[in-house]
>>> print(open('work.cif').read())   # mmCIF, C-alpha atoms and all ligand atoms
data_upload
#
loop_
_atom_site.label_atom_id
_atom_site.label_comp_id
_atom_site.auth_asym_id
_atom_site.auth_seq_id
_atom_site.Cartn_x
_atom_site.Cartn_y
_atom_site.Cartn_z
CA MET A 13 17.08 -4.77 -10.71
CA SER A 14 19.36 -7.49 -9.40
CA LYS A 15 19.68 -8.00 -5.67
CA LEU A 16 23.40 -7.34 -5.77
CA LYS A 17 22.99 -4.06 -7.61
CA SER A 18 20.38 -2.99 -5.14
CA ILE A 19 22.62 -3.73 -2.13
CA GLU A 20 25.49 -1.83 -3.82
CA GLU A 21 23.14 1.10 -4.19
CA LEU A 22 22.34 0.92 -0.49
CA LYS A 23 26.02 0.92 0.44
CA LYS A 24 26.55 4.08 -1.60
CA LEU A 25 23.54 5.64 -0.03
CA ARG A 26 24.91 4.93 3.41
CA GLU A 27 28.32 6.40 2.56
CA ASN A 28 26.73 9.56 1.22
CA LEU A 29 24.55 9.92 4.28
CA GLN A 30 27.53 9.52 6.56
CA LYS A 31 29.62 12.00 4.57
CA GLY A 32 26.90 14.60 4.71
CA MET A 33 26.43 13.92 8.42
CA GLN A 34 22.78 13.61 7.65
CA ILE A 35 22.03 10.87 10.06
CA ARG A 36 19.59 12.19 12.53
CA THR A 37 17.94 9.39 14.42
CA GLN A 38 16.25 11.91 16.66
CA THR A 39 14.23 14.30 14.58
CA GLY A 40 12.17 15.34 17.56
CA THR A 41 8.89 14.63 15.77
CA ARG A 42 7.02 11.34 15.97
CA ILE A 43 3.84 10.57 14.11
CA ILE A 44 2.10 7.44 15.31
CA VAL A 45 -0.66 5.74 13.35
CA GLY A 46 -3.03 3.22 14.99
CA MET A 47 -2.61 -0.04 13.10
CA GLY A 48 -4.75 -2.54 15.01
CA THR A 49 -7.51 -4.36 13.13
CA CYS A 50 -9.90 -1.48 13.80
CA GLY A 51 -7.44 1.06 12.38
CA ILE A 52 -6.57 -1.01 9.33
CA ALA A 53 -10.25 -1.62 8.54
CA ALA A 54 -10.92 2.12 8.79
CA GLY A 55 -8.15 2.97 6.30
CA ALA A 56 -5.06 3.55 8.47
CA ARG A 57 -2.67 2.17 5.87
CA GLU A 58 -3.81 4.77 3.32
CA VAL A 59 -3.48 7.49 5.95
CA MET A 60 0.06 6.38 6.75
CA SER A 61 0.94 6.34 3.03
CA ALA A 62 -0.41 9.85 2.67
CA ILE A 63 1.67 11.00 5.67
CA LEU A 64 4.88 9.49 4.29
CA GLN A 65 4.23 11.07 0.91
CA GLU A 66 3.48 14.50 2.34
CA LEU A 67 6.63 14.45 4.50
CA ASP A 68 8.72 13.46 1.49
CA GLN A 69 7.27 16.19 -0.68
CA ARG A 70 7.88 18.87 1.92
CA LYS A 71 11.23 17.41 2.99
CA ILE A 72 10.16 17.24 6.62
CA GLU A 73 11.91 14.70 8.79
CA ALA A 74 9.77 12.83 11.25
CA ASN A 75 9.60 9.27 12.49
CA VAL A 76 6.38 7.66 11.37
CA GLU A 77 5.45 4.60 13.40
CA THR A 78 2.56 2.24 13.91
CA THR A 79 0.91 1.27 17.16
CA SER A 80 -1.84 -1.18 18.09
CA CYS A 81 -5.40 -0.46 19.19
CA ILE A 82 -5.60 2.03 22.04
CA GLY A 83 -9.31 1.47 22.67
CA MET A 84 -10.88 4.28 20.68
CA CYS A 85 -11.97 2.10 17.78
CA ALA A 86 -14.82 4.37 16.68
CA ARG A 87 -12.30 7.18 16.20
CA GLU A 88 -9.96 5.25 13.92
CA PRO A 89 -7.93 6.06 11.91
CA LEU A 90 -6.07 7.66 14.81
CA VAL A 91 -2.94 9.73 14.33
CA ASP A 92 -0.82 10.96 17.24
CA ILE A 93 1.69 13.73 16.83
CA GLU A 94 4.42 14.17 19.39
CA GLN A 95 7.00 16.92 19.20
CA ALA A 96 9.87 17.50 21.54
CA GLY A 97 8.77 19.64 24.44
CA LEU A 98 5.12 19.80 23.38
CA ASN A 99 1.94 17.93 24.30
CA ARG A 100 1.13 14.77 22.44
CA VAL A 101 -2.04 15.31 20.46
CA THR A 102 -4.33 12.54 19.20
CA TYR A 103 -6.35 13.18 16.07
CA GLY A 104 -9.27 10.92 15.13
CA ASN A 105 -11.21 9.85 12.04
CA ILE A 106 -8.38 11.07 9.87
CA LYS A 107 -8.74 10.56 6.12
CA PRO A 108 -5.86 10.66 3.62
CA GLU A 109 -7.21 13.94 2.20
CA PHE A 110 -6.87 15.58 5.65
CA VAL A 111 -3.16 14.85 5.81
CA PRO A 112 -1.73 17.88 3.90
CA ARG A 113 -3.60 20.29 6.18
CA LEU A 114 -2.69 18.32 9.31
CA ILE A 115 1.03 18.48 8.47
CA GLU A 116 0.84 22.11 7.39
CA GLU A 117 -0.95 23.32 10.51
CA HIS A 118 0.42 21.09 13.22
CA ILE A 119 4.00 20.49 12.13
CA VAL A 120 4.86 23.45 9.92
CA LYS A 121 2.94 26.20 11.71
CA GLY A 122 2.81 24.59 15.15
CA GLN A 123 -0.97 25.01 15.46
CA VAL A 124 -3.27 22.23 16.62
CA VAL A 125 -6.26 21.55 14.32
CA PRO A 126 -9.01 21.64 16.95
CA GLU A 127 -11.82 20.03 14.98
CA TRP A 128 -9.93 16.76 14.54
CA VAL A 129 -8.51 16.44 18.05
CA VAL A 130 -9.85 13.60 20.17
CA ALA A 131 -7.38 13.67 23.04
CA ARG A 132 -4.38 15.46 24.42
CA MET A 133 -1.87 13.72 26.57
CA GLY A 134 -2.46 14.67 30.14
CA SER A 135 -5.95 16.10 29.66
CA ALA A 136 -8.34 13.57 28.10
CA GLY A 137 -6.20 10.68 29.31
CA ILE A 138 -5.55 8.02 26.70
CA MET B 13 -10.73 -5.81 4.42
CA LEU B 14 -10.47 -5.23 0.70
CA GLU B 15 -7.02 -6.68 0.15
CA LEU B 16 -5.18 -9.69 1.53
CA SER B 17 -2.21 -7.42 2.19
CA LEU B 18 -4.30 -5.66 4.85
CA HIS B 19 -4.82 -8.97 6.68
CA VAL B 20 -1.07 -9.51 6.35
CA LEU B 21 -0.43 -6.09 7.90
CA ASP B 22 -2.74 -7.07 10.73
CA VAL B 23 -0.93 -10.33 11.53
CA LEU B 24 2.47 -8.64 11.14
CA GLN B 25 1.30 -6.21 13.83
CA ASN B 26 0.38 -9.21 16.01
CA SER B 27 3.93 -10.51 15.59
CA VAL B 28 5.40 -7.13 16.53
CA GLU B 29 3.08 -6.98 19.55
CA ALA B 30 4.26 -10.45 20.54
CA GLY B 31 7.82 -9.11 20.69
CA ALA B 32 9.12 -10.79 17.53
CA THR B 33 12.46 -9.59 16.19
CA ARG B 34 12.27 -11.72 13.06
CA VAL B 35 9.32 -12.54 10.84
CA LYS B 36 9.28 -14.69 7.75
CA LEU B 37 6.51 -13.79 5.33
CA GLU B 38 5.90 -16.10 2.40
CA VAL B 39 3.38 -15.75 -0.39
CA ASN B 40 3.10 -18.77 -2.65
CA GLU B 41 0.98 -18.51 -5.76
CA ASP B 42 0.62 -21.87 -7.43
CA LEU B 43 -1.34 -21.03 -10.53
CA ALA B 44 -1.28 -24.57 -11.96
CA GLY B 45 -2.57 -26.01 -8.69
CA ASP B 46 -4.95 -23.07 -8.22
CA ARG B 47 -3.76 -22.34 -4.68
CA LEU B 48 -2.58 -19.24 -2.90
CA GLU B 49 -0.87 -19.64 0.45
CA ILE B 50 0.33 -16.96 2.82
CA THR B 51 2.57 -17.89 5.76
CA VAL B 52 3.70 -15.62 8.57
CA GLU B 53 6.20 -17.12 10.98
CA ASP B 54 7.61 -15.19 13.91
CA ASN B 55 9.95 -15.65 16.85
CA GLY B 56 7.67 -13.83 19.26
CA ARG B 57 6.41 -14.98 22.62
CA GLY B 58 4.09 -17.65 21.21
CA MET B 59 0.90 -19.08 22.66
CA ASP B 60 0.04 -22.21 24.60
CA PRO B 61 -2.22 -24.82 22.92
CA GLU B 62 -5.31 -23.59 24.70
CA MET B 63 -4.79 -19.99 23.56
CA THR B 64 -3.89 -21.13 20.03
CA ALA B 65 -7.22 -22.92 19.76
CA ARG B 66 -9.14 -19.98 21.17
CA VAL B 67 -7.85 -17.16 18.97
CA PHE B 68 -10.38 -18.05 16.29
CA ASP B 69 -13.04 -16.85 18.69
CA PRO B 70 -13.52 -13.08 18.36
CA PHE B 71 -14.17 -12.83 22.08
CA VAL B 72 -10.62 -13.83 22.81
CA THR B 73 -7.87 -11.28 23.12
CA THR B 74 -5.06 -10.44 25.52
CA ARG B 75 -5.65 -6.78 24.76
CA LYS B 76 -6.53 -4.57 27.62
CA THR B 77 -7.94 -1.82 25.46
CA ARG B 78 -10.91 -3.74 24.11
CA HIS B 79 -12.59 -7.06 24.75
CA ILE B 80 -12.66 -8.52 21.30
CA GLY B 81 -9.84 -9.51 19.00
CA LEU B 82 -10.89 -9.48 15.38
CA GLY B 83 -7.68 -9.84 13.41
CA ILE B 84 -7.42 -13.62 13.24
CA PRO B 85 -11.18 -14.38 13.06
CA LEU B 86 -11.55 -12.06 10.05
CA PHE B 87 -8.55 -13.51 8.22
CA ALA B 88 -9.82 -17.05 8.91
CA GLU B 89 -13.25 -16.16 7.59
CA ALA B 90 -11.74 -14.73 4.39
CA ALA B 91 -9.82 -17.99 3.80
CA ARG B 92 -12.78 -20.25 4.56
CA GLY B 93 -14.92 -18.31 2.13
CA CYS B 94 -12.49 -19.22 -0.67
CA ASN B 95 -12.18 -23.02 -0.27
CA GLY B 96 -9.33 -22.54 2.13
CA ASP B 97 -8.56 -22.25 5.78
CA LEU B 98 -6.28 -20.68 8.34
CA LYS B 99 -3.99 -22.68 10.58
CA ILE B 100 -1.93 -21.60 13.55
CA GLU B 101 0.90 -23.48 15.17
CA SER B 102 2.51 -21.89 18.16
CA THR B 103 5.00 -22.73 20.86
CA PRO B 104 5.37 -20.58 23.97
CA GLY B 105 8.77 -18.94 24.04
CA VAL B 106 9.57 -20.04 20.49
CA GLY B 107 7.15 -18.40 18.12
CA THR B 108 4.06 -18.64 16.00
CA ARG B 109 3.37 -19.79 12.48
CA LEU B 110 0.16 -18.80 10.74
CA THR B 111 -0.83 -20.19 7.34
CA ALA B 112 -3.78 -18.96 5.30
CA GLY B 113 -4.74 -20.90 2.17
CA PHE B 114 -7.10 -19.89 -0.62
CA GLN B 115 -8.35 -21.21 -3.94
CA HIS B 116 -6.43 -18.83 -6.21
CA SER B 117 -9.22 -18.39 -8.77
CA HIS B 118 -12.08 -18.19 -6.25
CA LEU B 119 -14.44 -15.34 -7.15
CA ASP B 120 -14.53 -14.06 -3.59
CA ARG B 121 -10.78 -14.09 -3.16
CA MET B 122 -9.59 -10.58 -2.47
CA PRO B 123 -6.62 -9.38 -4.51
CA LEU B 124 -3.23 -9.64 -2.82
CA GLY B 125 -2.96 -5.85 -2.98
CA ASP B 126 -0.04 -3.69 -1.99
CA MET B 127 2.42 -5.97 -0.19
CA PRO B 128 5.42 -3.56 -0.33
CA SER B 129 3.54 -0.91 1.66
CA VAL B 130 2.62 -3.27 4.51
CA ILE B 131 6.15 -4.66 4.75
CA LEU B 132 7.59 -1.14 4.79
CA MET B 133 5.17 0.09 7.44
CA THR B 134 6.04 -2.83 9.71
CA LEU B 135 9.76 -2.23 9.19
CA LEU B 136 9.32 1.35 10.39
CA SER B 137 8.38 0.02 13.82
CA PRO B 138 10.76 1.40 16.46
CA ARG B 139 11.02 -2.15 17.81
CA ASN B 140 13.48 -3.04 15.04
CA VAL B 141 11.76 -6.09 13.64
CA ASP B 142 13.25 -7.69 10.55
CA ILE B 143 11.21 -9.28 7.79
CA GLU B 144 12.28 -11.97 5.39
CA TYR B 145 9.90 -11.89 2.47
CA VAL B 146 9.54 -14.47 -0.28
CA HIS B 147 6.92 -14.18 -3.00
CA ARG B 148 6.63 -16.99 -5.53
CA ILE B 149 4.42 -17.10 -8.59
CA ASP B 150 4.88 -20.58 -10.05
CA ARG B 151 8.61 -20.68 -10.86
CA GLN B 152 9.24 -16.98 -10.46
CA GLU B 153 10.55 -15.83 -7.12
CA PHE B 154 11.30 -12.57 -5.37
CA ALA B 155 13.18 -12.75 -2.08
CA PHE B 156 14.06 -9.90 0.22
CA ASP B 157 15.53 -9.88 3.71
CA SER B 158 15.58 -6.62 5.65
CA ALA B 159 18.28 -8.03 7.96
CA GLU B 160 20.75 -7.82 5.03
CA ALA B 161 19.85 -4.18 4.51
CA ARG B 162 20.13 -3.48 8.23
CA GLU B 163 23.62 -4.93 8.27
CA VAL B 164 24.76 -2.72 5.40
CA LEU B 165 23.21 0.33 7.03
CA GLY B 166 24.81 -0.02 10.43
CA GLU B 167 23.52 2.81 12.59
CA VAL B 168 21.47 4.42 9.81
CA PRO B 169 17.79 3.69 10.58
CA PHE B 170 15.12 2.45 8.15
CA SER B 171 13.17 5.61 8.94
CA GLN B 172 15.82 7.79 7.25
CA PRO B 173 13.88 9.17 4.23
CA GLU B 174 16.46 8.06 1.63
CA VAL B 175 16.62 4.59 3.16
CA ARG B 176 12.86 4.32 3.29
CA ALA B 177 12.74 5.27 -0.41
CA TRP B 178 15.32 2.57 -1.17
CA LEU B 179 13.32 -0.05 0.74
CA GLU B 180 10.15 0.88 -1.06
CA SER B 181 11.63 0.87 -4.56
CA THR B 182 13.50 -2.41 -3.93
CA LEU B 183 10.26 -4.07 -2.83
CA ARG B 184 8.20 -2.58 -5.66
CA GLU B 185 10.72 -3.49 -8.35
CA GLY B 186 11.04 -7.03 -7.02
CA GLU B 187 7.28 -7.49 -7.06
CA ALA B 188 7.00 -6.04 -10.58
CA GLU B 189 9.69 -8.45 -11.86
CA ILE B 190 7.77 -11.59 -10.94
CA LYS B 191 4.44 -10.26 -12.15
CA LYS B 192 5.74 -9.73 -15.67
N1 LIG C 201 1.89 -13.93 16.42
C1 LIG C 201 1.37 -14.01 17.66
N2 LIG C 201 2.14 -14.34 18.72
C2 LIG C 201 1.63 -14.42 19.98
N3 LIG C 201 0.33 -14.18 20.27
C3 LIG C 201 -0.49 -13.86 19.27
C4 LIG C 201 -0.03 -13.76 17.91
N4 LIG C 201 -1.09 -13.44 17.13
C5 LIG C 201 -2.15 -13.33 17.95
N5 LIG C 201 -1.81 -13.58 19.23
C6 LIG C 201 -2.70 -13.56 20.40
O1 LIG C 201 -4.02 -13.76 19.95
C7 LIG C 201 -4.87 -12.70 20.36
C8 LIG C 201 -5.92 -12.47 19.31
O2 LIG C 201 -5.32 -11.93 18.09
P1 LIG C 201 -6.22 -11.11 17.08
O3 LIG C 201 -5.34 -10.55 16.02
O4 LIG C 201 -7.35 -11.95 16.62
O5 LIG C 201 -6.81 -9.94 17.96
P2 LIG C 201 -6.03 -8.76 18.68
O6 LIG C 201 -4.68 -8.57 18.07
O7 LIG C 201 -6.09 -9.02 20.15
O8 LIG C 201 -6.95 -7.51 18.35
P3 LIG C 201 -7.18 -6.88 16.87
O9 LIG C 201 -6.40 -7.71 15.89
O10 LIG C 201 -8.67 -6.95 16.66
O11 LIG C 201 -6.66 -5.47 16.89
C9 LIG C 201 -3.91 -11.54 20.61
O12 LIG C 201 -4.46 -10.64 21.57
C10 LIG C 201 -2.66 -12.24 21.12
O13 LIG C 201 -2.76 -12.51 22.51
MG MG C 202 -4.47 -8.48 15.87
#
>>> encode(input="work.cif", output="structure tokens")
Amino acid sequence: MSKLKSIEELKKLRENLQKGMQIRTQTGTRIIVGMGTCGIAAGAREVMSAILQELDQRKIEANVETTSCIGMCAREPLVDIEQAGLNRVTYGNIKPEFVPRLIEEHIVKGQVVPEWVVARMGSAGI
Amino acid sequence: MLELSLHVLDVLQNSVEAGATRVKLEVNEDLAGDRLEITVEDNGRGMDPEMTARVFDPFVTTRKTRHIGLGIPLFAEAARGCNGDLKIESTPGVGTRLTAGFQHSHLDRMPLGDMPSVILMTLLSPRNVDIEYVHRIDRQEFAFDSAEAREVLGEVPFSQPEVRAWLESTLREGEAEIKK
């Protein structure tokens, strides 16, 4: 595809989004993946890909971001989930195949998956 | 690391950590000359000459979470193992330029891997960093600048699912074109 055509496509996309008033910068849900060297070496990129794919499939809106090493290298890949008004929960040693269940339980049903939790904001102290 | 793109992701994260708002990422594949060169140049906080010399030492980091910094030492080792090396030029307050060179055909050279995914993941950073990406394979070239997309989008963020899909397909199609 030519660059020009691609930019035209983006302009249309933007117009449609604005028409439908679909711009929601604040979705209320943030998913943060540890992307320091330790995280990357443990497979964090594949975990983040799996998260993006799962959200797309289920049409769930969430901001997925990266962060650097937080000092729990042995627990990488680390995934934090933060939802408006709720505790931030840190999950550790997450594999791509865990992602569908993580999204289903934590985000869809609102239930923490206890066996993968390594810290909760305010309790274990990150 | 199993792919060079993972080392690229790692140094892109360094640039973001250093407060860069603009990063230029170049991948030059010179098949005739049998060289592969990856350059990452940012406008982040930069390092003084002493720090620049010391980052090759794994025991050097400005992290507070851990006492070793492995990103650059690992990337440098990968380059050296393939008849290449890694160079860093940096100026405090101006930015940093990192260049990793490899013998293209070297048996131990990792594949480039999935570049679109690492660019996309860095663009999703809430710190609004822009990436100018140029990938050349001999005379073929793919160039992409996220700042152009950002301008078109106005207040619509890269994290918007439809926008993210556009970014990904634009990067993937561009890469596929030059690999033909
Ligand atoms: N682009 C950059 N701009 C400014 N400083 C940098 C840049 N890249 C690296 N540094 C400095 O060099 C240090 C070492 O970097 P390196 O990637 O090797 O380790 P790290 O980022 O500290 O930890 P790790 O990569 O293992 O998660 C960093 O802590 C930072 O102070
Ligand atoms: Mg690093």
>>> interface_residues(input="work.cif", of="chain B", to="chain A", cutoff="9 Å", atoms="all atoms listed in the file", output="PDB file with C-alpha atoms, in the frame of the given file")
ATOM      1  CA  MET B  13     -10.730  -5.810   4.420  1.00  0.00           C
ATOM      2  CA  LEU B  14     -10.470  -5.230   0.700  1.00  0.00           C
ATOM      3  CA  LEU B  18      -4.300  -5.660   4.850  1.00  0.00           C
ATOM      4  CA  HIS B  19      -4.820  -8.970   6.680  1.00  0.00           C
ATOM      5  CA  LEU B  21      -0.430  -6.090   7.900  1.00  0.00           C
ATOM      6  CA  ASP B  22      -2.740  -7.070  10.730  1.00  0.00           C
ATOM      7  CA  GLN B  25       1.300  -6.210  13.830  1.00  0.00           C
ATOM      8  CA  ASN B  26       0.380  -9.210  16.010  1.00  0.00           C
ATOM      9  CA  GLU B  29       3.080  -6.980  19.550  1.00  0.00           C
ATOM     10  CA  ARG B  75      -5.650  -6.780  24.760  1.00  0.00           C
ATOM     11  CA  LYS B  76      -6.530  -4.570  27.620  1.00  0.00           C
ATOM     12  CA  THR B  77      -7.940  -1.820  25.460  1.00  0.00           C
ATOM     13  CA  ARG B  78     -10.910  -3.740  24.110  1.00  0.00           C
ATOM     14  CA  GLY B  81      -9.840  -9.510  19.000  1.00  0.00           C
ATOM     15  CA  LEU B  82     -10.890  -9.480  15.380  1.00  0.00           C
ATOM     16  CA  GLY B  83      -7.680  -9.840  13.410  1.00  0.00           C
ATOM     17  CA  SER B 129       3.540  -0.910   1.660  1.00  0.00           C
ATOM     18  CA  VAL B 130       2.620  -3.270   4.510  1.00  0.00           C
ATOM     19  CA  MET B 133       5.170   0.090   7.440  1.00  0.00           C
ATOM     20  CA  THR B 134       6.040  -2.830   9.710  1.00  0.00           C
ATOM     21  CA  LEU B 136       9.320   1.350  10.390  1.00  0.00           C
ATOM     22  CA  SER B 137       8.380   0.020  13.820  1.00  0.00           C
ATOM     23  CA  PRO B 138      10.760   1.400  16.460  1.00  0.00           C
ATOM     24  CA  ALA B 155      13.180 -12.750  -2.080  1.00  0.00           C
ATOM     25  CA  PHE B 156      14.060  -9.900   0.220  1.00  0.00           C
ATOM     26  CA  GLU B 160      20.750  -7.820   5.030  1.00  0.00           C
ATOM     27  CA  ALA B 161      19.850  -4.180   4.510  1.00  0.00           C
ATOM     28  CA  VAL B 164      24.760  -2.720   5.400  1.00  0.00           C
ATOM     29  CA  LEU B 165      23.210   0.330   7.030  1.00  0.00           C
ATOM     30  CA  GLY B 166      24.810  -0.020  10.430  1.00  0.00           C
ATOM     31  CA  GLU B 167      23.520   2.810  12.590  1.00  0.00           C
ATOM     32  CA  VAL B 168      21.470   4.420   9.810  1.00  0.00           C
ATOM     33  CA  PRO B 169      17.790   3.690  10.580  1.00  0.00           C
ATOM     34  CA  SER B 171      13.170   5.610   8.940  1.00  0.00           C
ATOM     35  CA  GLN B 172      15.820   7.790   7.250  1.00  0.00           C
ATOM     36  CA  PRO B 173      13.880   9.170   4.230  1.00  0.00           C
ATOM     37  CA  GLU B 174      16.460   8.060   1.630  1.00  0.00           C
ATOM     38  CA  VAL B 175      16.620   4.590   3.160  1.00  0.00           C
ATOM     39  CA  TRP B 178      15.320   2.570  -1.170  1.00  0.00           C
ATOM     40  CA  THR B 182      13.500  -2.410  -3.930  1.00  0.00           C
ATOM     41  CA  GLU B 185      10.720  -3.490  -8.350  1.00  0.00           C
ATOM     42  CA  GLY B 186      11.040  -7.030  -7.020  1.00  0.00           C
ATOM     43  CA  GLU B 189       9.690  -8.450 -11.860  1.00  0.00           C
TER      44      GLU B 189
END
>>> residues_near_point(input="work.cif", point="(-8.3, 13.3, 1.5)", cutoff="12 Å", atoms="only C-alpha atoms", output="list of chain:residue names")
A:Gly55, A:Glu58, A:Val59, A:Ser61, A:Ala62, A:Ile63, A:Glu66, A:Asn105, A:Ile106, A:Lys107, A:Pro108, A:Glu109, A:Phe110, A:Val111, A:Pro112, A:Arg113, A:Leu114
>>> residues_around(input="work.cif", residues="Arg57 (chain B)", least_positions_apart="2", cutoff="12 Å", atoms="all atoms listed in the file", output="list of chain:residue names")
B:Asn26, B:Ser27, B:Val28, B:Glu29, B:Ala30, B:Gly31, B:Ala32, B:Thr33, B:Arg34, B:Glu53, B:Asp54, B:Asn55, B:Met59, B:Asp60, B:Ser102, B:Thr103, B:Pro104, B:Gly105, B:Val106, B:Gly107, B:Thr108, B:Arg109
>>> residues_near_point(input="work.cif", point="(-16.6, -18.0, 11.8)", cutoff="12 Å", atoms="all atoms listed in the file", output="NGL selection string")
:B and (67-71 or 82 or 84-93 or 97-98)
>>> build_atoms(input="work.cif", residues="region 15-26 of chain A", atoms="N, CA, C and O atoms", output="PDB file, keeping the file's coordinate frame")
ATOM      1  N   LYS A  15      19.539  -8.169  -7.102  1.00  0.00           N
ATOM      2  CA  LYS A  15      19.680  -8.000  -5.670  1.00  0.00           C
ATOM      3  C   LYS A  15      21.029  -7.351  -5.318  1.00  0.00           C
ATOM      4  O   LYS A  15      21.104  -6.432  -4.522  1.00  0.00           O
ATOM      5  N   LEU A  16      22.054  -7.831  -6.016  1.00  0.00           N
ATOM      6  CA  LEU A  16      23.400  -7.340  -5.770  1.00  0.00           C
ATOM      7  C   LEU A  16      23.508  -5.844  -6.053  1.00  0.00           C
ATOM      8  O   LEU A  16      24.069  -5.070  -5.287  1.00  0.00           O
ATOM      9  N   LYS A  17      22.941  -5.453  -7.195  1.00  0.00           N
ATOM     10  CA  LYS A  17      22.990  -4.060  -7.610  1.00  0.00           C
ATOM     11  C   LYS A  17      22.268  -3.191  -6.579  1.00  0.00           C
ATOM     12  O   LYS A  17      22.722  -2.102  -6.233  1.00  0.00           O
ATOM     13  N   SER A  18      21.174  -3.720  -6.099  1.00  0.00           N
ATOM     14  CA  SER A  18      20.380  -2.990  -5.140  1.00  0.00           C
ATOM     15  C   SER A  18      21.141  -2.793  -3.827  1.00  0.00           C
ATOM     16  O   SER A  18      21.122  -1.715  -3.241  1.00  0.00           O
ATOM     17  N   ILE A  19      21.825  -3.828  -3.366  1.00  0.00           N
ATOM     18  CA  ILE A  19      22.620  -3.730  -2.130  1.00  0.00           C
ATOM     19  C   ILE A  19      23.795  -2.757  -2.322  1.00  0.00           C
ATOM     20  O   ILE A  19      24.121  -1.967  -1.435  1.00  0.00           O
ATOM     21  N   GLU A  20      24.399  -2.778  -3.519  1.00  0.00           N
ATOM     22  CA  GLU A  20      25.490  -1.830  -3.820  1.00  0.00           C
ATOM     23  C   GLU A  20      24.969  -0.391  -3.711  1.00  0.00           C
ATOM     24  O   GLU A  20      25.641   0.484  -3.185  1.00  0.00           O
ATOM     25  N   GLU A  21      23.782  -0.204  -4.231  1.00  0.00           N
ATOM     26  CA  GLU A  21      23.140   1.100  -4.190  1.00  0.00           C
ATOM     27  C   GLU A  21      22.956   1.557  -2.738  1.00  0.00           C
ATOM     28  O   GLU A  21      23.195   2.713  -2.397  1.00  0.00           O
ATOM     29  N   LEU A  22      22.562   0.617  -1.897  1.00  0.00           N
ATOM     30  CA  LEU A  22      22.340   0.920  -0.490  1.00  0.00           C
ATOM     31  C   LEU A  22      23.648   1.298   0.212  1.00  0.00           C
ATOM     32  O   LEU A  22      23.691   2.202   1.036  1.00  0.00           O
ATOM     33  N   LYS A  23      24.709   0.604  -0.154  1.00  0.00           N
ATOM     34  CA  LYS A  23      26.020   0.920   0.440  1.00  0.00           C
ATOM     35  C   LYS A  23      26.424   2.346   0.095  1.00  0.00           C
ATOM     36  O   LYS A  23      26.894   3.096   0.948  1.00  0.00           O
ATOM     37  N   LYS A  24      26.222   2.719  -1.177  1.00  0.00           N
ATOM     38  CA  LYS A  24      26.550   4.080  -1.600  1.00  0.00           C
ATOM     39  C   LYS A  24      25.718   5.092  -0.849  1.00  0.00           C
ATOM     40  O   LYS A  24      26.230   6.124  -0.397  1.00  0.00           O
ATOM     41  N   LEU A  25      24.469   4.765  -0.725  1.00  0.00           N
ATOM     42  CA  LEU A  25      23.540   5.640  -0.030  1.00  0.00           C
ATOM     43  C   LEU A  25      24.018   5.896   1.393  1.00  0.00           C
ATOM     44  O   LEU A  25      24.059   7.021   1.885  1.00  0.00           O
ATOM     45  N   ARG A  26      24.428   4.825   2.034  1.00  0.00           N
ATOM     46  CA  ARG A  26      24.910   4.930   3.410  1.00  0.00           C
ATOM     47  C   ARG A  26      26.160   5.803   3.497  1.00  0.00           C
ATOM     48  O   ARG A  26      26.265   6.666   4.367  1.00  0.00           O
TER      49      ARG A  26
END
